[in-house]
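Asks: After the structure tokens below, expect a handful of questions from me.
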Amino acid sequence: MQIRDEGGGQYSVGAERGYLREVGNILFHVAMIGILVGVAVGSLFGYRGQKILVEGETFVNSLIGYDSFTPGTNYNPDWLSPYAVTLNNFQVRYDRQRDSHTYGQDLDYNAQLTVQNPGSSPEQKTLKVNEPVDVGGTSVFLSGNGYAPIVKVTDGEGKVAYEGPVVALPTDGKYTSSVVLKVPDARPAQLGFMGMFLPTGSYERGAGIPHSVDSAPANPMLVLQSYSGDLGLNSGQPQNVYVLDTSKLTALNSMANQNGIVLDAQHRTATLPEGNGTIEFMGYKRYVGMEVRHDPGQNIVLYSFVVAFVGLIVSLFVARRRVWVRASTDEGVLTVEYGLLARGEDPRLAAEAERITDAFAARWGLEFAEEPSSEEPTEKTEGK
């Protein structure tokens with residue numbers, strides 16, 4: 001507030017309110033800088049990686065443990081915290097309401113994990129969609145799931161060339177899944193398999209194409225084509241593990257030749273032509289796709305966002321206004337003039353002027369004659 005003696009019996013008073021609005025503006029802009037700093041810190045010193053983990057397997061947080069790894073610009077993989085995550089069990093809840101238009105579709109996923117940090121006891125954790133598990137300074141997200149049929153390949157020399165789960169990639173809502181298996185250790189020739197895993201398979205030989213009628217594993221079925229020859233794994237060229245190049249391979253079994261391999265609970269083993277051994281379907285496991293993220297700047301971004309939001313609210317709802325009042329007497333007549341000015345648009349300014357008018361009227365018992373200015377809201381008041 002500022003009081004001035006303008007001489008000649010005239011005095012004026014000026015006051016201003018709403019400085020908190022400027023504080024809000026400052027907080028908002030400083031917080032925006034904080035958000036940029038947080039994003040930069042995360043980009044420089046964070047990382048993210050993906051891992052497919054089959055039931056019963058353990059993932060160790062090391063560079064070699066990831067299927068794919070994307071470090072920040074300045075992140076050193078030696079900084080990885082060597083915690084371990086074991087997938088104990090993966091459960092899916094399906095829609096089984098007969099009248100539902102989503103009958104048979106997945107409703108919920110639940111992965112039971114055992115997590116162990118260095119120097120601490122194992123902990124049981126539950127991983128769900130949008131409910132990550134925090135461990136070792138990282139957040140582990142559930143990004144996908146599927147089936148991994150367990151197969152055993154015996155080569156032509158009677159030796160087990162491969163035994164274990166094969167990750168199958170889902171291709172539709174019924175979890176019809178693409179399967180590719182490369183067996184470079186088979187003798188006398190390397191073997192390759194590709195085909196489909198059907199959770200609830202339906203097939204009659206000579207009558208139609210094998211397909212899955214449900215995403216739940218009611219009748220697991222493995223449909224394969226087999227090939228022999230050089231898989232090209234020793235050529236030095238990188239290969240996609242989920243793609244089998246058959247251009248240089250000899251077909252042994254195929255659905256087109258009416259000798260495709262169809263394995264289920266009743267027919268678990270198939271013999272490969274030309275003395276190349278056998279393949280056995282031993283069951284299946286579930287797997288999950290995990291995404292591991294480490295973002296040291298996320299808390300900076302979070303807190304900066306909260307500050308920016310508070311600053312924005314303050315700057316929007318706190319009005320900054322100025323008011324001037326000048327009083328003078330002339331021949332026994334008291335003249336009161338006052339004006340208001342808003343910093344920016346303020347639809348409540350007129351109401352504020354009315355409140356000041358009422359306050360003056362109540363204080364001095366005056367009668368007012370309004371003379372609005374063309375430049376700013378001004379009230380000129382005369383009274384005796």
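Ligands are numbered from 1 in the order shown, chains are lettered A, B, ... in the order of the structure tokens, and residues start at 1 in each chain.
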So which bits of region 37-180 of chain A end up alpha helix (DSSP H) when you DSSP the backbone, as an MDAnalysis selection string?
Replies: chainID A and resid 37:45
Asks: Might you pull out every residue within 8 Å of region 144-151 of chain A, with only C-alpha atoms counted and same-chain residues fewer than 5 positions away left off, and present them as number ranges by chain?
Replies: A: 54, 162-170, 175, 177, 197, 222, 279-290
Asks: Next, the residues of the selection above should be written as a compact mmCIF listing (two decimals), in the first residue's frame with N, CA, C and O atoms.
Replies:
# COMPACT_ATOMS: atom_id res chain seq x y z
N VAL A 54 10.57 -68.31 -19.22
CA VAL A 54 9.69 -69.48 -19.17
C VAL A 54 9.55 -69.94 -17.73
O VAL A 54 10.45 -69.77 -16.90
N TYR A 162 18.22 -82.16 -28.78
CA TYR A 162 17.59 -81.00 -28.14
C TYR A 162 16.50 -81.51 -27.20
O TYR A 162 15.76 -82.43 -27.52
N GLU A 163 16.38 -80.85 -26.05
CA GLU A 163 15.29 -81.14 -25.13
C GLU A 163 15.02 -79.90 -24.29
O GLU A 163 15.93 -79.38 -23.64
N GLY A 164 13.80 -79.45 -24.34
CA GLY A 164 13.45 -78.27 -23.56
C GLY A 164 12.29 -77.50 -24.17
O GLY A 164 11.72 -77.90 -25.19
N PRO A 165 11.92 -76.37 -23.55
CA PRO A 165 10.80 -75.57 -24.06
C PRO A 165 11.22 -74.75 -25.28
O PRO A 165 12.37 -74.34 -25.41
N VAL A 166 10.27 -74.52 -26.17
CA VAL A 166 10.47 -73.69 -27.36
C VAL A 166 9.46 -72.56 -27.30
O VAL A 166 8.25 -72.80 -27.28
N VAL A 167 9.93 -71.33 -27.26
CA VAL A 167 9.03 -70.18 -27.18
C VAL A 167 8.23 -70.06 -28.46
O VAL A 167 8.79 -70.02 -29.55
N ALA A 168 6.89 -70.03 -28.33
CA ALA A 168 6.00 -69.89 -29.48
C ALA A 168 5.35 -68.51 -29.43
O ALA A 168 4.88 -68.07 -28.37
N LEU A 169 5.32 -67.83 -30.57
CA LEU A 169 4.80 -66.47 -30.63
C LEU A 169 3.33 -66.47 -31.02
O LEU A 169 2.96 -66.97 -32.09
N PRO A 170 2.44 -65.91 -30.18
CA PRO A 170 1.01 -65.88 -30.51
C PRO A 170 0.74 -65.08 -31.78
O PRO A 170 1.37 -64.04 -32.02
N TYR A 175 -4.55 -67.73 -29.37
CA TYR A 175 -3.18 -68.11 -29.05
C TYR A 175 -2.64 -69.20 -29.97
O TYR A 175 -1.82 -70.03 -29.57
N SER A 177 0.01 -70.19 -32.13
CA SER A 177 1.35 -69.65 -31.95
C SER A 177 2.33 -70.24 -32.94
O SER A 177 2.32 -71.45 -33.22
N PHE A 197 1.71 -74.08 -32.54
CA PHE A 197 1.24 -74.68 -31.29
C PHE A 197 -0.20 -74.24 -31.10
O PHE A 197 -0.51 -73.03 -31.16
N LEU A 222 0.66 -79.83 -31.28
CA LEU A 222 1.83 -79.29 -31.95
C LEU A 222 1.82 -79.77 -33.39
O LEU A 222 1.85 -80.99 -33.66
N ILE A 279 10.92 -86.93 -32.95
CA ILE A 279 10.59 -85.73 -32.15
C ILE A 279 9.44 -86.10 -31.25
O ILE A 279 8.49 -86.77 -31.65
N GLU A 280 9.53 -85.68 -30.00
CA GLU A 280 8.53 -86.02 -28.99
C GLU A 280 7.97 -84.75 -28.37
O GLU A 280 8.72 -83.84 -27.99
N PHE A 281 6.65 -84.69 -28.25
CA PHE A 281 5.95 -83.58 -27.60
C PHE A 281 5.74 -83.96 -26.14
O PHE A 281 4.97 -84.87 -25.83
N MET A 282 6.41 -83.26 -25.23
CA MET A 282 6.42 -83.64 -23.82
C MET A 282 5.53 -82.77 -22.95
O MET A 282 5.49 -82.93 -21.73
N GLY A 283 4.80 -81.84 -23.54
CA GLY A 283 3.94 -80.96 -22.75
C GLY A 283 4.19 -79.51 -23.11
O GLY A 283 4.69 -79.18 -24.20
N TYR A 284 3.90 -78.63 -22.19
CA TYR A 284 4.08 -77.21 -22.45
C TYR A 284 4.32 -76.47 -21.13
O TYR A 284 4.02 -76.97 -20.05
N LYS A 285 4.84 -75.27 -21.26
CA LYS A 285 4.95 -74.33 -20.14
C LYS A 285 4.46 -72.97 -20.62
O LYS A 285 4.37 -72.72 -21.82
N ARG A 286 4.15 -72.12 -19.67
CA ARG A 286 3.81 -70.74 -20.01
C ARG A 286 5.06 -69.88 -19.86
O ARG A 286 5.96 -70.17 -19.09
N TYR A 287 5.09 -68.81 -20.61
CA TYR A 287 6.19 -67.85 -20.48
C TYR A 287 5.62 -66.44 -20.41
O TYR A 287 4.46 -66.20 -20.78
N VAL A 288 6.42 -65.53 -19.92
CA VAL A 288 6.04 -64.12 -19.87
C VAL A 288 7.11 -63.30 -20.58
O VAL A 288 8.30 -63.66 -20.59
N GLY A 289 6.66 -62.21 -21.17
CA GLY A 289 7.59 -61.22 -21.69
C GLY A 289 7.73 -60.10 -20.67
O GLY A 289 6.74 -59.47 -20.28
N MET A 290 8.95 -59.88 -20.20
CA MET A 290 9.20 -58.85 -19.19
C MET A 290 9.95 -57.68 -19.81
O MET A 290 10.83 -57.86 -20.65
Asks: For each of A:Ser215, A:Thr250, A:Thr278, A:Asn130, take the minimum atom-to-atom distance to Ala186 (chain A), counting only C-alpha atoms, then give the residue where this is smallest.
Replies: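 Smallest distance to Ala186 (chain A) is found for A:Thr278.
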Asks: Could you check which of A:Ser328, A:Ser228, A:Asn61, A:Asn257 is closest to Thr86 (chain A), using only C-alpha atoms?
Replies: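 Going through A:Ser328, A:Ser228, A:Asn61, A:Asn257 one by one, the smallest distance to Thr86 (chain A) is for A:Asn61.
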Asks: Find the residues near Ala308 (chain A): any atom within 7 Å, counting only C-alpha atoms, skip ones fewer than 4 places away on the same chain, and give them as a ChimeraX atom specification.
Replies: /A:27-28,31-32,304,312
Asks: Export C-alpha atoms of the chosen residues as a PDB file, in the first residue's frame?
Replies:
ATOM      1  CA  LEU A  27       7.024 -22.126  -9.958  1.00  0.00           C
ATOM      2  CA  PHE A  28       5.435 -23.287 -13.209  1.00  0.00           C
ATOM      3  CA  ALA A  31       9.129 -26.860 -12.815  1.00  0.00           C
ATOM      4  CA  MET A  32       9.094 -27.093 -16.621  1.00  0.00           C
ATOM      5  CA  SER A 304       8.435 -31.211 -11.154  1.00  0.00           C
ATOM      6  CA  LEU A 312      -0.537 -23.379 -12.866  1.00  0.00           C
TER       7      LEU A 312
END
Asks: Determine the nearest neighbour of Asp134 (chain A) from the options A:Asn89, A:Thr357, A:Ser121, A:Gln116, counting only C-alpha atoms.
Replies: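 Of the candidates, the smallest distance to Asp134 (chain A) is held by A:Gln116.
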Asks: Give the answer as one residue: which of A:Met1, A:Ile300, A:Ile209, A:Leu349 has the shortest atom-to-atom distance to Val39 (chain A), using only C-alpha atoms?
Replies: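 For Val39 (chain A), the nearest of the given residues is A:Ile300.
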Asks: DSSP on the backbone: which residues in region 306-340 of chain A end up as strand (DSSP E)? Give the answer as a list in words.
Replies: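 Assigned to strand (DSSP E), within region 306-340 of chain A: Arg321, Arg322, Val323, Trp324, Val325, Arg326, Ala327, Ser328, Thr329, Asp330, Val333, Leu334, Thr335, Val336, Glu337, Tyr338, Gly339 and Leu340 of chain A.
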Asks: Residues of the last selection are to be written out with all heavy atoms, as a CSV table (one decimal), in the first residue's frame.
Replies:
chain,number,residue,atom,x,y,z
A,321,ARG,N,-4.7,-7.5,-9.0
A,321,ARG,CA,-5.4,-6.3,-9.2
A,321,ARG,C,-4.7,-5.1,-8.5
A,321,ARG,O,-4.1,-5.3,-7.5
A,321,ARG,CB,-6.8,-6.4,-8.6
A,321,ARG,CG,-7.6,-7.6,-9.2
A,321,ARG,CD,-8.9,-7.8,-8.4
A,321,ARG,NE,-9.7,-8.9,-8.9
A,321,ARG,CZ,-10.5,-9.6,-8.2
A,321,ARG,NH1,-10.7,-9.3,-6.9
A,321,ARG,NH2,-11.2,-10.6,-8.7
A,322,ARG,N,-5.0,-4.0,-9.1
A,322,ARG,CA,-4.6,-2.7,-8.5
A,322,ARG,C,-5.8,-1.8,-8.2
A,322,ARG,O,-6.7,-1.8,-9.1
A,322,ARG,CB,-3.6,-2.0,-9.3
A,322,ARG,CG,-2.2,-2.7,-9.5
A,322,ARG,CD,-1.3,-2.0,-10.4
A,322,ARG,NE,0.0,-2.6,-10.5
A,322,ARG,CZ,1.0,-2.2,-11.3
A,322,ARG,NH1,0.8,-1.1,-12.1
A,322,ARG,NH2,2.1,-2.8,-11.3
A,323,VAL,N,-5.8,-1.0,-7.2
A,323,VAL,CA,-6.8,-0.1,-6.9
A,323,VAL,C,-6.2,1.2,-6.4
A,323,VAL,O,-5.2,1.2,-5.7
A,323,VAL,CB,-7.8,-0.7,-5.8
A,323,VAL,CG1,-7.1,-0.9,-4.5
A,323,VAL,CG2,-9.0,0.3,-5.6
A,324,TRP,N,-6.8,2.3,-6.9
A,324,TRP,CA,-6.4,3.7,-6.5
A,324,TRP,C,-7.6,4.4,-5.9
A,324,TRP,O,-8.7,4.3,-6.4
A,324,TRP,CB,-5.9,4.5,-7.6
A,324,TRP,CG,-4.6,3.9,-8.2
A,324,TRP,CD1,-3.3,4.2,-7.9
A,324,TRP,CD2,-4.6,3.0,-9.3
A,324,TRP,NE1,-2.5,3.6,-8.7
A,324,TRP,CE2,-3.2,2.8,-9.6
A,324,TRP,CE3,-5.5,2.4,-10.1
A,324,TRP,CZ2,-2.8,1.9,-10.6
A,324,TRP,CZ3,-5.1,1.5,-11.1
A,324,TRP,CH2,-3.8,1.3,-11.4
A,325,VAL,N,-7.4,5.1,-4.8
A,325,VAL,CA,-8.5,5.9,-4.2
A,325,VAL,C,-7.9,7.3,-3.9
A,325,VAL,O,-6.8,7.4,-3.3
A,325,VAL,CB,-9.0,5.3,-2.9
A,325,VAL,CG1,-10.1,6.1,-2.3
A,325,VAL,CG2,-9.5,3.9,-3.1
A,326,ARG,N,-8.7,8.3,-4.4
A,326,ARG,CA,-8.2,9.7,-4.1
A,326,ARG,C,-9.4,10.5,-3.5
A,326,ARG,O,-10.5,10.4,-4.1
A,326,ARG,CB,-7.8,10.4,-5.4
A,326,ARG,CG,-7.3,11.8,-5.2
A,326,ARG,CD,-6.6,12.3,-6.5
A,326,ARG,NE,-7.6,12.4,-7.6
A,326,ARG,CZ,-7.2,12.7,-8.8
A,326,ARG,NH1,-5.9,12.9,-9.1
A,326,ARG,NH2,-8.1,12.7,-9.8
A,327,ALA,N,-9.1,11.2,-2.4
A,327,ALA,CA,-10.2,11.9,-1.7
A,327,ALA,C,-9.8,13.4,-1.7
A,327,ALA,O,-8.6,13.7,-1.4
A,327,ALA,CB,-10.4,11.4,-0.3
A,328,SER,N,-10.7,14.2,-1.9
A,328,SER,CA,-10.5,15.7,-1.8
A,328,SER,C,-11.7,16.4,-1.3
A,328,SER,O,-12.8,15.9,-1.5
A,328,SER,CB,-10.0,16.2,-3.2
A,328,SER,OG,-11.1,16.0,-4.1
A,329,THR,N,-11.5,17.6,-0.8
A,329,THR,CA,-12.7,18.4,-0.3
A,329,THR,C,-12.6,19.8,-1.0
A,329,THR,O,-11.6,20.3,-1.2
A,329,THR,CB,-12.6,18.6,1.2
A,329,THR,OG1,-11.4,19.2,1.6
A,329,THR,CG2,-12.8,17.3,1.9
A,330,ASP,N,-13.8,20.2,-1.4
A,330,ASP,CA,-13.9,21.5,-2.1
A,330,ASP,C,-15.2,22.2,-1.7
A,330,ASP,O,-16.3,21.7,-2.1
A,330,ASP,CB,-13.8,21.3,-3.6
A,330,ASP,CG,-13.8,22.6,-4.4
A,330,ASP,OD1,-13.6,23.7,-3.7
A,330,ASP,OD2,-14.0,22.6,-5.6
A,333,VAL,N,-17.5,19.9,0.1
A,333,VAL,CA,-17.9,18.7,-0.6
A,333,VAL,C,-16.8,17.7,-0.6
A,333,VAL,O,-15.7,18.1,-1.1
A,333,VAL,CB,-18.4,19.1,-2.0
A,333,VAL,CG1,-18.8,17.8,-2.7
A,333,VAL,CG2,-19.6,20.0,-1.9
A,334,LEU,N,-17.0,16.5,-0.1
A,334,LEU,CA,-16.0,15.4,-0.2
A,334,LEU,C,-16.2,14.7,-1.5
A,334,LEU,O,-17.3,14.2,-1.8
A,334,LEU,CB,-16.2,14.5,1.0
A,334,LEU,CG,-15.4,13.2,1.0
A,334,LEU,CD1,-13.9,13.6,1.0
A,334,LEU,CD2,-15.8,12.2,2.1
A,335,THR,N,-15.1,14.6,-2.2
A,335,THR,CA,-15.1,13.9,-3.5
A,335,THR,C,-14.1,12.7,-3.4
A,335,THR,O,-13.0,12.9,-3.0
A,335,THR,CB,-14.6,14.8,-4.7
A,335,THR,OG1,-15.5,15.9,-4.8
A,335,THR,CG2,-14.7,14.0,-6.0
A,336,VAL,N,-14.7,11.6,-3.6
A,336,VAL,CA,-13.9,10.3,-3.6
A,336,VAL,C,-13.9,9.7,-5.0
A,336,VAL,O,-14.9,9.4,-5.6
A,336,VAL,CB,-14.5,9.3,-2.6
A,336,VAL,CG1,-13.7,8.0,-2.6
A,336,VAL,CG2,-14.5,9.9,-1.2
A,337,GLU,N,-12.7,9.5,-5.5
A,337,GLU,CA,-12.5,8.9,-6.8
A,337,GLU,C,-11.7,7.6,-6.7
A,337,GLU,O,-10.7,7.6,-5.9
A,337,GLU,CB,-11.8,9.9,-7.8
A,337,GLU,CG,-12.5,11.2,-8.0
A,337,GLU,CD,-11.7,12.1,-8.9
A,337,GLU,OE1,-10.7,12.6,-8.3
A,337,GLU,OE2,-12.0,12.3,-10.0
A,338,TYR,N,-12.0,6.6,-7.4
A,338,TYR,CA,-11.3,5.4,-7.3
A,338,TYR,C,-11.3,4.6,-8.6
A,338,TYR,O,-12.2,4.8,-9.4
A,338,TYR,CB,-11.7,4.5,-6.1
A,338,TYR,CG,-13.1,4.0,-6.2
A,338,TYR,CD1,-13.4,2.8,-6.8
A,338,TYR,CD2,-14.2,4.8,-5.7
A,338,TYR,CE1,-14.7,2.3,-6.9
A,338,TYR,CE2,-15.5,4.3,-5.8
A,338,TYR,CZ,-15.8,3.1,-6.4
A,338,TYR,OH,-17.0,2.6,-6.5
A,339,GLY,N,-10.3,3.8,-8.8
A,339,GLY,CA,-10.2,3.0,-10.0
A,339,GLY,C,-9.6,1.7,-9.8
A,339,GLY,O,-8.8,1.5,-8.8
A,340,LEU,N,-9.9,0.7,-10.6
A,340,LEU,CA,-9.3,-0.6,-10.5
A,340,LEU,C,-8.7,-1.0,-11.8
A,340,LEU,O,-9.2,-0.7,-12.9
A,340,LEU,CB,-10.4,-1.6,-10.1
A,340,LEU,CG,-11.1,-1.5,-8.7
A,340,LEU,CD1,-12.3,-0.6,-8.8
A,340,LEU,CD2,-11.4,-2.8,-8.1
Asks: My list of candidates is A:Leu87, A:Leu191, A:Val241, A:Asn234. Which is closest to Glu57 (chain A) when distances are computed with only C-alpha atoms?
Replies: A:Leu87
Asks: Find the residues around Gln105 (chain A) up to 8 Å (only C-alpha atoms counted), leave out those fewer than 6 positions away in its own chain, and share them as number ranges by chain.
Replies: A: 94-95, 173-174, 215
Asks: Write out as number ranges by chain which residues come within 6 Å of Thr154 (chain A) when counting only C-alpha atoms, dropping same-chain ones fewer than 5 positions away.
Replies: A: 159-161, 277-278
Asks: Put those residues in a file: N, CA and C atoms, as a PDB file, in the first residue's frame.
Replies:
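Result file result_4.pdb:
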ATOM      1  N   LYS A 159      21.041 -90.010 -30.368  1.00  0.00           N
ATOM      2  CA  LYS A 159      21.434 -89.084 -29.312  1.00  0.00           C
ATOM      3  C   LYS A 159      20.402 -87.953 -29.200  1.00  0.00           C
ATOM      4  N   VAL A 160      20.224 -87.486 -27.979  1.00  0.00           N
ATOM      5  CA  VAL A 160      19.302 -86.369 -27.755  1.00  0.00           C
ATOM      6  C   VAL A 160      19.983 -85.093 -28.228  1.00  0.00           C
ATOM      7  N   ALA A 161      19.463 -84.524 -29.292  1.00  0.00           N
ATOM      8  CA  ALA A 161      20.053 -83.310 -29.863  1.00  0.00           C
ATOM      9  C   ALA A 161      19.446 -82.046 -29.267  1.00  0.00           C
ATOM     10  N   GLY A 277      15.752 -89.525 -37.175  1.00  0.00           N
ATOM     11  CA  GLY A 277      15.458 -89.536 -35.747  1.00  0.00           C
ATOM     12  C   GLY A 277      13.988 -89.365 -35.447  1.00  0.00           C
ATOM     13  N   THR A 278      13.708 -88.850 -34.245  1.00  0.00           N
ATOM     14  CA  THR A 278      12.327 -88.689 -33.791  1.00  0.00           C
ATOM     15  C   THR A 278      12.174 -87.348 -33.083  1.00  0.00           C
TER      16      THR A 278
END
Asks: Which of these, A:Phe45, A:Tyr11, A:Tyr203, A:Phe59, has the shortest distance to Val140 (chain A) once you count only C-alpha atoms?
Replies: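 Distance minimum relative to Val140 (chain A) lands on A:Phe59.
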Asks: What is the distance, in Å and to one decimal place, between CA of Glu274 (chain A) and CA of Glu157 (chain A)?
Replies: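 Going from CA of Glu274 (chain A) over to CA of Glu157 (chain A), I get 12.1 Å.
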